[in-house]
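Notes follow once the structure below has been shown.
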Amino acid sequence: MLLLPMPPQRAWLRSFWAVCSLGTGVACGGLLALGHAAWVGGAVFLGSLLLLPGLLWPEWVQLPYRGWHRLAEFYARGTRHLLSRLCYGVICVVGRSSGASLWLTPLPPQRSLWQPRGTQPLAAYPHPYLQGTAGAVAGGWVRAYGQWAWRTRQYWALALLPFFWLLWLVGDTQERTFPADIYTLF
Amino acid sequence: MRLGRLLVAAPTAACALLLALPWLLLGLPFLVVGVGTRVVRRLLAPRPQPWPQLIEFTPTFGWKPRAHLRAYHLADDLFWTTTDAEGWRGTATLEESRLVVFGDSFAWGYGIDDWDFFANLNPQLPIKAIGANGYNMVQELLWMQRYAPRLRGKLVVWFIYHGNDLFENLMPHMRHYRMPFVRERNGCGQWEIVTWHVRPEPWPFAAPFRPVGQVYYERLAELCSPTYLAQRAYAACAFLLRQGRDCCQAAGARLAVVTIPDVIQLHPQGIARLKRLSPEPEQCDPDYPDQRLRQICDDLEIPFVALKDHLTLAHHKKHDSHWNARGHWQVSRILTDLYDKLMQPAAASRVAG
């Protein structure tokens, strides 16, 4: 969600420029309103003027678009690193210390740690490839994750959900601005 | 124990989030711009028509663009196209045109808006482009023969794209789309056009899908070398060009050939890649197709122009082998010069006579 697709089509360049121009105008207007309210209109007018060149000649927006994308990529990489460290280095370590299912006393004879398990139902394995099939969980991955944690009584895993959501926000967009091969005729 | 683990993990997670909060807040501008750009784009960007709504099956020819189109298509970017009552691009009608181009996706203007399309750029020279994505020279010849009665007095320019036209003349299908092709009759050097297999049903024997570029470059590497495929492809091309010349002569039109290089033939890294793909790397020459085609055209007395001498990487799209707007302007200039050279002296002598 943070990252914009590369390489950009003209529609993405125009939209990016529109958001930046209007945002700049509004931000300037907000700052100037602290000083003199009449300057707000001027700032918004300036933002609108900035808007026009990018809409008419989107190829000029390539450079600022790429620059913004590089900055966003740098930030996203750092955020993914930080969130992963917090998930695995802090929460899992602390959660692990709250106890484990482990026999610490000698077992009686004829007794084993082996726990037989039966076949799991299809709905017990939420998986992206099952989207749209009968066994798939509707509502996206957040709901699927929550249902899995509740069903398996891994309630502590719900504490990781905000981190996974943030990782999704800063993940690679995977959006292709043009399809790889569209040589379809009829 | 499970609740205990939750009671430990939840506050730990909350503390971790609080610790990370300053860094996360730095990302707010990126989030606002990312979400805002997506929302604006969804509101403002036009929706392209899917390709199956733009091209239809046509008996004998295989397929052609639909008539009366006014739509955005999607290539490397959205582009606006309109087609006339017969399904061809170009603001001039066939009757109004003085130059008619037959070709494939290059003639059709793949990936370019109407206002940058080479056929629409020179108001002094109306051009009609008869072409569609994926066409081989056999389909183009069949259209030439179909439109022959309407070509009198015009300059007919035949685009030949090195990338796939030459070997696809020998193929009964492009992927699962059936198309007319040429084949040798009993190995005696005589060629014939085959169309009886062209039907809407998919061709059942298409090879497992590979990326288009990979197949084309392997074939192009063979065509840039003295291989068996090259021998057959150029012989088939000579047959088709002879048919085209005879058709135009009978129709009172003048035929000229313009060859189109692939982008890979225009830069050193691309040429090195072609050589690696060629079964005869030492003899692989990116100019070989133009040399052979020029020889064929000289033998048939057809004027010949190699766009490889006039185009560079700057005339092509970054992520596609087709021309960009600058390339279309260059092609328009070359066609205008060609028309002036071939047709204007004839017009001047008619006036003087």
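Order determines the names: the first chain of the structure tokens is A, the second B, and so forth; residues in each chain are numbered 1 upward, and ligands are numbered 1 upward as they are shown.
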
So that I can check the surroundings of Val19 (chain A), please list as a ChimeraX atom specification every protein, DNA and RNA residue that reaches within 12 Å of it, counting only C-alpha atoms and ignoring chain neighbours fewer than 5 positions away. /A:12-14,24-27,47-48,50-51,54-55,65 /B:29-41

Since we have the selection now, will you write its residues out, keeping N, CA and C atoms, as a compact mmCIF listing (two decimals), in the first residue's frame?
```txt
# COMPACT_ATOMS: atom_id res chain seq x y z
N TRP A 12 -1.01 6.48 -13.40
CA TRP A 12 -0.37 6.52 -12.07
C TRP A 12 0.41 7.82 -11.90
N LEU A 13 1.10 8.27 -12.93
CA LEU A 13 1.87 9.52 -12.83
C LEU A 13 0.93 10.69 -12.58
N ARG A 14 -0.17 10.74 -13.32
CA ARG A 14 -1.12 11.85 -13.14
C ARG A 14 -1.72 11.82 -11.74
N THR A 24 0.25 19.37 -1.22
CA THR A 24 1.15 20.50 -0.96
C THR A 24 0.35 21.77 -0.77
N GLY A 25 -0.65 21.99 -1.61
CA GLY A 25 -1.48 23.18 -1.49
C GLY A 25 -2.20 23.23 -0.15
N VAL A 26 -2.76 22.09 0.24
CA VAL A 26 -3.50 22.05 1.51
C VAL A 26 -2.55 22.26 2.69
N ALA A 27 -1.38 21.61 2.62
CA ALA A 27 -0.42 21.74 3.72
C ALA A 27 0.07 23.18 3.85
N GLY A 47 -1.41 25.35 -5.42
CA GLY A 47 -1.46 23.89 -5.58
C GLY A 47 -2.18 23.49 -6.85
N SER A 48 -3.25 24.21 -7.17
CA SER A 48 -3.98 23.89 -8.40
C SER A 48 -3.15 24.17 -9.63
N LEU A 50 0.09 24.02 -9.81
CA LEU A 50 1.10 22.96 -9.91
C LEU A 50 0.51 21.69 -10.52
N LEU A 51 -0.80 21.55 -10.32
CA LEU A 51 -1.48 20.33 -10.77
C LEU A 51 -1.46 20.21 -12.28
N GLY A 54 1.48 18.47 -14.55
CA GLY A 54 1.57 17.01 -14.38
C GLY A 54 0.43 16.28 -15.06
N LEU A 55 -0.73 16.90 -15.10
CA LEU A 55 -1.87 16.24 -15.76
C LEU A 55 -1.70 16.27 -17.27
N TYR A 65 8.37 10.90 -9.37
CA TYR A 65 7.73 9.62 -9.03
C TYR A 65 8.78 8.58 -8.64
N PRO B 29 3.32 10.02 5.63
CA PRO B 29 3.25 10.64 4.29
C PRO B 29 3.23 9.61 3.17
N PHE B 30 4.03 8.55 3.31
CA PHE B 30 4.05 7.52 2.26
C PHE B 30 2.70 6.83 2.18
N LEU B 31 2.08 6.60 3.32
CA LEU B 31 0.78 5.94 3.33
C LEU B 31 -0.27 6.83 2.69
N VAL B 32 -0.25 8.12 3.03
CA VAL B 32 -1.25 9.05 2.47
C VAL B 32 -1.08 9.13 0.95
N VAL B 33 0.16 9.26 0.49
CA VAL B 33 0.38 9.36 -0.95
C VAL B 33 0.01 8.05 -1.64
N GLY B 34 0.38 6.92 -1.04
CA GLY B 34 0.08 5.63 -1.66
C GLY B 34 -1.42 5.39 -1.78
N VAL B 35 -2.14 5.61 -0.70
CA VAL B 35 -3.59 5.39 -0.72
C VAL B 35 -4.27 6.43 -1.62
N GLY B 36 -3.85 7.69 -1.47
CA GLY B 36 -4.46 8.75 -2.27
C GLY B 36 -4.27 8.53 -3.76
N THR B 37 -3.05 8.10 -4.14
CA THR B 37 -2.78 7.86 -5.57
C THR B 37 -3.67 6.74 -6.09
N ARG B 38 -3.83 5.70 -5.31
CA ARG B 38 -4.68 4.59 -5.76
C ARG B 38 -6.14 5.02 -5.90
N VAL B 39 -6.61 5.82 -4.96
CA VAL B 39 -8.01 6.27 -5.01
C VAL B 39 -8.22 7.17 -6.24
N VAL B 40 -7.32 8.12 -6.43
CA VAL B 40 -7.47 9.04 -7.57
C VAL B 40 -7.40 8.29 -8.89
N ARG B 41 -6.48 7.34 -8.94
CA ARG B 41 -6.33 6.58 -10.19
C ARG B 41 -7.60 5.77 -10.47
```

Got a sec to pull out which chain B residues are within 9 Å of chain A, counting only C-alpha atoms, and send them as a ChimeraX atom specification? /B:1-14,16-17,20,23-24,26-27,30-41,44-46,50-57,63-64,74-78,133-134,177,211-212

Using only C-alpha atoms, find the one residue out of A:Val61, A:Leu31, A:Leu22, A:Leu167 that sits nearest to Leu46 (chain A).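 When distances to Leu46 (chain A) are compared using only C-alpha atoms, the smallest one comes from A:Leu22.
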
Which of these residues is nearest to Tyr147 (chain B), using only C-alpha atoms: B:Leu240, B:Cys15, B:Ile271, B:Ala251?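 Nearest to Tyr147 (chain B): B:Ala251.
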
Compare B:Phe239, B:Tyr288, B:Trp115, B:Trp108 by their minimum atom-to-atom distance to Ser225 (chain B), counting only C-alpha atoms, and give me the closest one. B:Tyr288

Distance query Pro204 (chain B) at most 12 Å, only C-alpha atoms, self and fewer than 3 positions along chain excluded, as a list in words: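 Neighbouring residues, sequence-local ones excluded: Pro172, His173, Met174, Arg175, His176, Tyr177, Arg178, His197, Arg199, Pro200, Glu201, Ala207 and Pro208 of chain B.
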
Keeping only all heavy atoms, write the selected residues as a short mmCIF file (atom, residue, chain, number, x, y, z; two decimals), in the first residue's frame.
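Once everything was written out, this is selection33.cif:
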```
data_model
loop_
_atom_site.label_atom_id
_atom_site.label_comp_id
_atom_site.auth_asym_id
_atom_site.auth_seq_id
_atom_site.Cartn_x
_atom_site.Cartn_y
_atom_site.Cartn_z
N PRO B 172 1.00 -22.72 -39.49
CA PRO B 172 -0.46 -22.72 -39.64
C PRO B 172 -1.18 -22.10 -38.44
O PRO B 172 -2.40 -21.97 -38.46
CB PRO B 172 -0.79 -24.21 -39.73
CG PRO B 172 0.30 -24.89 -38.97
CD PRO B 172 1.53 -24.05 -39.16
N HIS B 173 -0.43 -21.74 -37.43
CA HIS B 173 -1.10 -21.18 -36.25
C HIS B 173 -0.15 -20.23 -35.53
O HIS B 173 1.07 -20.31 -35.66
CB HIS B 173 -1.52 -22.29 -35.28
CG HIS B 173 -0.34 -22.98 -34.65
ND1 HIS B 173 0.11 -22.70 -33.37
CD2 HIS B 173 0.49 -23.93 -35.12
CE1 HIS B 173 1.16 -23.44 -33.10
NE2 HIS B 173 1.41 -24.20 -34.14
N MET B 174 -0.76 -19.30 -34.80
CA MET B 174 0.00 -18.51 -33.84
C MET B 174 -0.61 -18.85 -32.49
O MET B 174 -1.76 -18.49 -32.22
CB MET B 174 -0.14 -17.01 -34.12
CG MET B 174 0.72 -16.18 -33.19
SD MET B 174 0.43 -14.41 -33.32
CE MET B 174 -1.19 -14.26 -32.60
N ARG B 175 0.12 -19.57 -31.69
CA ARG B 175 -0.44 -20.15 -30.47
C ARG B 175 -1.66 -20.97 -30.86
O ARG B 175 -1.57 -21.84 -31.69
CB ARG B 175 -0.76 -19.09 -29.44
CG ARG B 175 0.46 -18.32 -29.04
CD ARG B 175 0.18 -17.46 -27.86
NE ARG B 175 1.27 -16.55 -27.64
CZ ARG B 175 1.26 -15.59 -26.75
NH1 ARG B 175 0.20 -15.40 -25.99
NH2 ARG B 175 2.29 -14.79 -26.60
N HIS B 176 -2.83 -20.68 -30.26
CA HIS B 176 -3.99 -21.49 -30.61
C HIS B 176 -4.88 -20.83 -31.66
O HIS B 176 -5.98 -21.31 -31.94
CB HIS B 176 -4.81 -21.81 -29.35
CG HIS B 176 -5.25 -20.58 -28.60
ND1 HIS B 176 -4.41 -19.90 -27.75
CD2 HIS B 176 -6.42 -19.93 -28.59
CE1 HIS B 176 -5.07 -18.87 -27.24
NE2 HIS B 176 -6.28 -18.86 -27.72
N TYR B 177 -4.39 -19.74 -32.27
CA TYR B 177 -5.16 -19.08 -33.33
C TYR B 177 -4.70 -19.59 -34.69
O TYR B 177 -3.52 -19.53 -35.03
CB TYR B 177 -4.96 -17.56 -33.26
CG TYR B 177 -5.40 -16.95 -31.94
CD1 TYR B 177 -4.47 -16.52 -31.01
CD2 TYR B 177 -6.74 -16.82 -31.63
CE1 TYR B 177 -4.86 -15.97 -29.80
CE2 TYR B 177 -7.15 -16.27 -30.42
CZ TYR B 177 -6.20 -15.86 -29.52
OH TYR B 177 -6.59 -15.31 -28.32
N ARG B 178 -5.66 -20.11 -35.47
CA ARG B 178 -5.33 -20.60 -36.80
C ARG B 178 -5.12 -19.43 -37.74
O ARG B 178 -5.86 -18.45 -37.71
CB ARG B 178 -6.49 -21.46 -37.33
CG ARG B 178 -6.77 -22.69 -36.49
CD ARG B 178 -8.12 -23.29 -36.84
NE ARG B 178 -8.43 -24.41 -35.97
CZ ARG B 178 -8.37 -25.68 -36.35
NH1 ARG B 178 -8.03 -25.96 -37.61
NH2 ARG B 178 -8.65 -26.65 -35.51
N HIS B 197 -7.72 -24.59 -43.27
CA HIS B 197 -7.78 -24.97 -41.86
C HIS B 197 -8.23 -23.83 -40.95
O HIS B 197 -8.40 -24.02 -39.75
CB HIS B 197 -6.39 -25.42 -41.41
CG HIS B 197 -5.38 -24.30 -41.44
ND1 HIS B 197 -5.00 -23.69 -42.61
CD2 HIS B 197 -4.72 -23.69 -40.45
CE1 HIS B 197 -4.13 -22.73 -42.33
NE2 HIS B 197 -3.94 -22.70 -41.04
N ARG B 199 -10.36 -21.74 -38.93
CA ARG B 199 -11.69 -21.83 -38.32
C ARG B 199 -11.63 -21.18 -36.94
O ARG B 199 -10.54 -20.97 -36.41
CB ARG B 199 -12.10 -23.29 -38.14
CG ARG B 199 -12.22 -24.09 -39.40
CD ARG B 199 -12.95 -25.42 -39.11
NE ARG B 199 -12.18 -26.33 -38.29
CZ ARG B 199 -11.26 -27.17 -38.75
NH1 ARG B 199 -10.97 -27.18 -40.03
NH2 ARG B 199 -10.63 -27.99 -37.93
N PRO B 200 -12.78 -20.91 -36.33
CA PRO B 200 -12.73 -20.32 -34.99
C PRO B 200 -12.20 -21.28 -33.91
O PRO B 200 -11.71 -20.84 -32.89
CB PRO B 200 -14.19 -19.95 -34.69
CG PRO B 200 -14.89 -20.01 -35.98
CD PRO B 200 -14.13 -20.95 -36.86
N GLU B 201 -12.32 -22.59 -34.15
CA GLU B 201 -11.89 -23.54 -33.12
C GLU B 201 -10.39 -23.41 -32.90
O GLU B 201 -9.63 -23.25 -33.84
CB GLU B 201 -12.19 -24.98 -33.55
CG GLU B 201 -13.67 -25.34 -33.59
CD GLU B 201 -14.32 -24.86 -34.87
OE1 GLU B 201 -13.62 -24.72 -35.89
OE2 GLU B 201 -15.53 -24.59 -34.83
N ALA B 207 2.31 -25.53 -28.96
CA ALA B 207 3.37 -25.95 -28.04
C ALA B 207 3.09 -25.40 -26.66
O ALA B 207 2.41 -24.39 -26.52
CB ALA B 207 4.72 -25.47 -28.56
N PRO B 208 3.63 -26.04 -25.61
CA PRO B 208 3.46 -25.47 -24.26
C PRO B 208 3.92 -24.03 -24.24
O PRO B 208 4.88 -23.66 -24.90
CB PRO B 208 4.37 -26.34 -23.39
CG PRO B 208 4.51 -27.60 -24.14
CD PRO B 208 4.41 -27.25 -25.60
#
```

At a cut-off of 7 Å, using only C-alpha atoms, what residues contact Ala221 (chain B)? Leave out same-chain residues fewer than 3 positions from it and give the result as a list of chain:residue names.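 Contacts, with the query itself left out: B:Tyr217, B:Glu218, B:Cys224, B:Ser225, B:Leu274, B:Lys275, B:Leu277, B:Ser278, B:Cys284.
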
With N, CA and C atoms retained, could you export that selection as a PDB file, in the first residue's frame?
```
ATOM      1  N   TYR B 217      13.080 -14.581 -30.275  1.00  0.00           N
ATOM      2  CA  TYR B 217      14.507 -14.315 -30.372  1.00  0.00           C
ATOM      3  C   TYR B 217      15.276 -15.543 -30.836  1.00  0.00           C
ATOM      4  N   GLU B 218      14.805 -16.726 -30.466  1.00  0.00           N
ATOM      5  CA  GLU B 218      15.454 -17.935 -30.987  1.00  0.00           C
ATOM      6  C   GLU B 218      15.268 -18.020 -32.496  1.00  0.00           C
ATOM      7  N   CYS B 224      18.911 -14.645 -38.690  1.00  0.00           N
ATOM      8  CA  CYS B 224      20.092 -13.795 -38.872  1.00  0.00           C
ATOM      9  C   CYS B 224      21.318 -14.615 -39.257  1.00  0.00           C
ATOM     10  N   SER B 225      21.105 -15.901 -39.476  1.00  0.00           N
ATOM     11  CA  SER B 225      22.227 -16.797 -39.803  1.00  0.00           C
ATOM     12  C   SER B 225      21.816 -17.650 -40.999  1.00  0.00           C
ATOM     13  N   LEU B 274      21.596 -12.337 -29.416  1.00  0.00           N
ATOM     14  CA  LEU B 274      21.195 -13.059 -30.625  1.00  0.00           C
ATOM     15  C   LEU B 274      22.255 -14.080 -31.014  1.00  0.00           C
ATOM     16  N   LYS B 275      23.494 -13.672 -30.932  1.00  0.00           N
ATOM     17  CA  LYS B 275      24.579 -14.586 -31.312  1.00  0.00           C
ATOM     18  C   LYS B 275      24.597 -15.804 -30.392  1.00  0.00           C
ATOM     19  N   LEU B 277      22.070 -17.154 -28.995  1.00  0.00           N
ATOM     20  CA  LEU B 277      20.912 -17.997 -29.307  1.00  0.00           C
ATOM     21  C   LEU B 277      21.035 -18.679 -30.657  1.00  0.00           C
ATOM     22  N   SER B 278      21.933 -18.165 -31.492  1.00  0.00           N
ATOM     23  CA  SER B 278      22.009 -18.675 -32.858  1.00  0.00           C
ATOM     24  C   SER B 278      22.715 -20.026 -32.891  1.00  0.00           C
ATOM     25  N   CYS B 284      26.202 -15.296 -37.297  1.00  0.00           N
ATOM     26  CA  CYS B 284      24.992 -14.555 -36.971  1.00  0.00           C
ATOM     27  C   CYS B 284      25.229 -13.069 -37.205  1.00  0.00           C
TER      28      CYS B 284
END
```
